[in-house]
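Each remark here refers to the structure printed beneath this line.
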Amino acid sequence: MTAAIFRGKRRRAAAAVGAVAFGLVALSACDKPTPLATVTVGSTTVTTEAACFEKGKELDRGALDKCMADKSIKSVKVQPGDKVRVGVEPDMAEQGWIVVGNGQQQTNQLKQTYTSLDGEQLFVNRMAQRLEKTAVLSVITKDGVWNVKLELDKG
């Protein structure tokens, strides 16, 4: 009778070890999520994964243009006078990042994890000299692009 108890415990232990091993194999097959960029306007916060991300590999101009044109993005409303706060993860900040609004560079290269921008300026189309109703804000590092759509809300 004692032998039967030990065999049952061994089976359960073996099953538990097998389940743990299977779980580790399944997890190793998953892609690691991309770093996140966060945009906050007033009390609304939008967090987004990269439109394109090739860890450690520099994106060329064609890839950057394609990534910035991604239209399947989250949006946030901006009223005149609002500040748009942009945050990135520490790994992104270490390598340096810039903010682009509607294809126009808004910042020099940043090394901190956070910056604040005048929301209304992000909607200015300098070429046409007019205020647009929407703007795509892009966070760009050498190896990735994160996009958020801004919608001008005149209240």
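Following the order of the structure tokens, first chain is A, next is B, and so on, with residues numbered from 1 inside each chain and ligands from 1 in the order they appear.
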
List the spatial neighbours of Thr115 (chain A) as a list in words - criterion: any atom at most 12 Å away, only C-alpha atoms, same-chain residues fewer than 6 positions off excluded.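 That gives Ala37, Thr38, Val39, Thr40, Lys83, Val84, Arg85, Val86, Gly87, Val88, Ala93, Trp97, Ile98, Val99, Gln106, Thr107, Asn108, Gln109 and Val139 of chain A.
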
Could you save those same residues with C-alpha atoms as a compact mmCIF listing (two decimals), in the first residue's frame?
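The result, written out as out26.txt:
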# COMPACT_ATOMS: atom_id res chain seq x y z
CA ALA A 37 5.02 55.22 -25.63
CA THR A 38 2.47 57.18 -23.62
CA VAL A 39 0.65 60.38 -24.56
CA THR A 40 -1.32 62.30 -21.92
CA LYS A 83 -0.29 70.51 -23.04
CA VAL A 84 0.52 67.20 -24.71
CA ARG A 85 2.80 65.13 -22.50
CA VAL A 86 4.80 62.35 -24.12
CA GLY A 87 6.58 59.62 -22.19
CA VAL A 88 8.79 56.72 -23.22
CA ALA A 93 15.25 57.33 -23.67
CA TRP A 97 14.14 59.85 -29.33
CA ILE A 98 12.33 62.66 -31.12
CA VAL A 99 8.71 63.73 -31.50
CA GLN A 106 8.79 69.00 -32.87
CA THR A 107 11.80 68.28 -30.63
CA ASN A 108 15.52 67.81 -30.84
CA GLN A 109 16.80 64.42 -29.76
CA VAL A 139 7.68 59.07 -31.31

Among the residues of region 17-126 of chain A, find those DSSP assigns to helix (DSSP H, G or I) from the backbone and print them as a PyMOL selection string. chain A and resi 17-29+61-68+90-95+119-123

Writing out the chosen residues with C-alpha atoms as an mmCIF file, in the first residue's frame:
data_model
loop_
_atom_site.group_PDB
_atom_site.id
_atom_site.type_symbol
_atom_site.label_atom_id
_atom_site.label_comp_id
_atom_site.auth_asym_id
_atom_site.auth_seq_id
_atom_site.Cartn_x
_atom_site.Cartn_y
_atom_site.Cartn_z
ATOM 1 C CA VAL A 17 7.321 19.301 -13.626
ATOM 2 C CA GLY A 18 5.989 18.569 -17.132
ATOM 3 C CA ALA A 19 3.409 21.362 -16.880
ATOM 4 C CA VAL A 20 6.068 23.853 -15.751
ATOM 5 C CA ALA A 21 8.418 22.786 -18.560
ATOM 6 C CA PHE A 22 5.602 23.087 -21.123
ATOM 7 C CA GLY A 23 4.723 26.543 -19.797
ATOM 8 C CA LEU A 24 8.335 27.709 -20.135
ATOM 9 C CA VAL A 25 8.544 26.403 -23.696
ATOM 10 C CA ALA A 26 5.256 28.124 -24.582
ATOM 11 C CA LEU A 27 6.426 31.408 -23.067
ATOM 12 C CA SER A 28 9.740 31.299 -24.902
ATOM 13 C CA ALA A 29 7.828 30.999 -28.192
ATOM 14 C CA ARG A 61 13.921 56.207 -44.446
ATOM 15 C CA GLY A 62 11.473 54.033 -46.398
ATOM 16 C CA ALA A 63 10.609 52.001 -43.312
ATOM 17 C CA LEU A 64 10.211 55.178 -41.231
ATOM 18 C CA ASP A 65 7.811 56.694 -43.778
ATOM 19 C CA LYS A 66 5.771 53.489 -43.912
ATOM 20 C CA CYS A 67 5.627 53.240 -40.111
ATOM 21 C CA MET A 68 4.590 56.876 -39.703
ATOM 22 C CA PRO A 90 13.937 54.195 -20.049
ATOM 23 C CA ASP A 91 15.490 51.946 -22.748
ATOM 24 C CA MET A 92 14.027 54.203 -25.451
ATOM 25 C CA ALA A 93 15.248 57.332 -23.669
ATOM 26 C CA GLU A 94 18.794 55.978 -23.373
ATOM 27 C CA GLN A 95 19.161 55.616 -27.135
ATOM 28 C CA GLY A 119 -0.845 70.932 -28.110
ATOM 29 C CA GLU A 120 -2.072 73.577 -30.509
ATOM 30 C CA GLN A 121 1.311 73.798 -32.253
ATOM 31 C CA LEU A 122 1.051 70.133 -33.222
ATOM 32 C CA PHE A 123 -1.910 70.976 -35.495
#

Correct to one decimal, the distance CA of Gly101 (chain A)-CA of Lys55 (chain A) is 23.3 Å

Excluding region 140-153 of chain A and any residue of its chain fewer than 3 positions from it, enumerate the residues within 6 Å of it, using only C-alpha atoms, and give them as number ranges by chain. A: 50-55, 57-59, 73-79, 97-98, 133-137

Please measure the separation of CA of Glu89 (chain A) and CA of Val124 (chain A), giving the value in Å to one decimal. 27.7 Å

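Computed from the coordinates, the CA of Gly96 (chain A) to CA of Leu36 (chain A) distance equals 14.4 Å.
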
Tell me, as a list in words, which residues lie within 9 Å of Arg126 (chain A), counting only C-alpha atoms; anything in the same chain fewer than 4 positions away does not count. Gln104, Arg130 and Leu131 of chain A

Run DSSP on the backbone of this structure and report the residues of region 110-148 of chain A it assigns to strand (DSSP E), as a list in words.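 Selection result, strand (DSSP E) within region 110-148 of chain A: Tyr114, Thr115, Ser116, Leu117, Asp118, Val124, Asn125, Arg130, Leu131, Thr134, Ala135, Val136, Leu137, Ser138, Val139, Ile140, Thr141, Gly144, Val145, Trp146, Asn147 and Val148 of chain A.
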
Would you mind exporting the chosen residues as a PDB file, in the first residue's frame, restricted to N, CA and C atoms?
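After the write, result_21.pdb holds the following:
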ATOM      1  N   TYR A 114      10.528  61.859 -20.685  1.00  0.00           N
ATOM      2  CA  TYR A 114       9.300  62.638 -20.698  1.00  0.00           C
ATOM      3  C   TYR A 114       9.541  63.997 -21.339  1.00  0.00           C
ATOM      4  N   THR A 115       8.558  64.476 -22.096  1.00  0.00           N
ATOM      5  CA  THR A 115       8.600  65.848 -22.591  1.00  0.00           C
ATOM      6  C   THR A 115       7.175  66.383 -22.664  1.00  0.00           C
ATOM      7  N   SER A 116       7.048  67.680 -22.698  1.00  0.00           N
ATOM      8  CA  SER A 116       5.749  68.340 -22.754  1.00  0.00           C
ATOM      9  C   SER A 116       5.737  69.291 -23.945  1.00  0.00           C
ATOM     10  N   LEU A 117       4.645  69.270 -24.716  1.00  0.00           N
ATOM     11  CA  LEU A 117       4.542  70.088 -25.920  1.00  0.00           C
ATOM     12  C   LEU A 117       3.271  70.929 -25.893  1.00  0.00           C
ATOM     13  N   ASP A 118       3.300  72.063 -26.588  1.00  0.00           N
ATOM     14  CA  ASP A 118       2.117  72.897 -26.762  1.00  0.00           C
ATOM     15  C   ASP A 118       1.206  72.186 -27.759  1.00  0.00           C
ATOM     16  N   VAL A 124      -0.528  72.763 -36.389  1.00  0.00           N
ATOM     17  CA  VAL A 124      -0.173  73.793 -37.373  1.00  0.00           C
ATOM     18  C   VAL A 124       0.484  73.151 -38.584  1.00  0.00           C
ATOM     19  N   ASN A 125      -0.105  73.389 -39.748  1.00  0.00           N
ATOM     20  CA  ASN A 125       0.484  72.958 -41.013  1.00  0.00           C
ATOM     21  C   ASN A 125       1.278  74.154 -41.524  1.00  0.00           C
ATOM     22  N   ARG A 130      -2.059  76.828 -41.961  1.00  0.00           N
ATOM     23  CA  ARG A 130      -3.398  76.696 -41.395  1.00  0.00           C
ATOM     24  C   ARG A 130      -3.374  75.674 -40.270  1.00  0.00           C
ATOM     25  N   LEU A 131      -4.454  75.650 -39.499  1.00  0.00           N
ATOM     26  CA  LEU A 131      -4.618  74.709 -38.394  1.00  0.00           C
ATOM     27  C   LEU A 131      -5.386  73.490 -38.908  1.00  0.00           C
ATOM     28  N   THR A 134      -6.780  67.269 -37.398  1.00  0.00           N
ATOM     29  CA  THR A 134      -6.124  66.112 -36.785  1.00  0.00           C
ATOM     30  C   THR A 134      -4.614  66.207 -37.000  1.00  0.00           C
ATOM     31  N   ALA A 135      -3.900  65.503 -36.182  1.00  0.00           N
ATOM     32  CA  ALA A 135      -2.447  65.431 -36.322  1.00  0.00           C
ATOM     33  C   ALA A 135      -2.014  64.049 -35.852  1.00  0.00           C
ATOM     34  N   VAL A 136      -1.016  63.508 -36.507  1.00  0.00           N
ATOM     35  CA  VAL A 136      -0.432  62.250 -36.051  1.00  0.00           C
ATOM     36  C   VAL A 136       0.871  62.587 -35.345  1.00  0.00           C
ATOM     37  N   LEU A 137       0.917  62.244 -34.070  1.00  0.00           N
ATOM     38  CA  LEU A 137       2.122  62.449 -33.276  1.00  0.00           C
ATOM     39  C   LEU A 137       2.905  61.144 -33.321  1.00  0.00           C
ATOM     40  N   SER A 138       4.166  61.227 -33.728  1.00  0.00           N
ATOM     41  CA  SER A 138       5.023  60.046 -33.812  1.00  0.00           C
ATOM     42  C   SER A 138       6.213  60.203 -32.885  1.00  0.00           C
ATOM     43  N   VAL A 139       6.472  59.168 -32.116  1.00  0.00           N
ATOM     44  CA  VAL A 139       7.681  59.067 -31.312  1.00  0.00           C
ATOM     45  C   VAL A 139       8.620  58.178 -32.120  1.00  0.00           C
ATOM     46  N   ILE A 140       9.834  58.677 -32.365  1.00  0.00           N
ATOM     47  CA  ILE A 140      10.756  57.953 -33.234  1.00  0.00           C
ATOM     48  C   ILE A 140      12.088  57.730 -32.525  1.00  0.00           C
ATOM     49  N   THR A 141      12.525  56.473 -32.533  1.00  0.00           N
ATOM     50  CA  THR A 141      13.874  56.110 -32.106  1.00  0.00           C
ATOM     51  C   THR A 141      14.563  55.534 -33.335  1.00  0.00           C
ATOM     52  N   GLY A 144      12.518  52.199 -33.973  1.00  0.00           N
ATOM     53  CA  GLY A 144      11.071  52.048 -33.858  1.00  0.00           C
ATOM     54  C   GLY A 144      10.299  53.343 -34.021  1.00  0.00           C
ATOM     55  N   VAL A 145       8.989  53.186 -34.274  1.00  0.00           N
ATOM     56  CA  VAL A 145       8.071  54.318 -34.425  1.00  0.00           C
ATOM     57  C   VAL A 145       6.784  53.988 -33.668  1.00  0.00           C
ATOM     58  N   TRP A 146       6.300  54.952 -32.877  1.00  0.00           N
ATOM     59  CA  TRP A 146       5.059  54.834 -32.124  1.00  0.00           C
ATOM     60  C   TRP A 146       4.178  56.000 -32.539  1.00  0.00           C
ATOM     61  N   ASN A 147       2.904  55.752 -32.867  1.00  0.00           N
ATOM     62  CA  ASN A 147       2.001  56.781 -33.353  1.00  0.00           C
ATOM     63  C   ASN A 147       0.756  56.920 -32.489  1.00  0.00           C
ATOM     64  N   VAL A 148       0.295  58.159 -32.352  1.00  0.00           N
ATOM     65  CA  VAL A 148      -0.970  58.469 -31.701  1.00  0.00           C
ATOM     66  C   VAL A 148      -1.633  59.572 -32.514  1.00  0.00           C
TER      67      VAL A 148
END
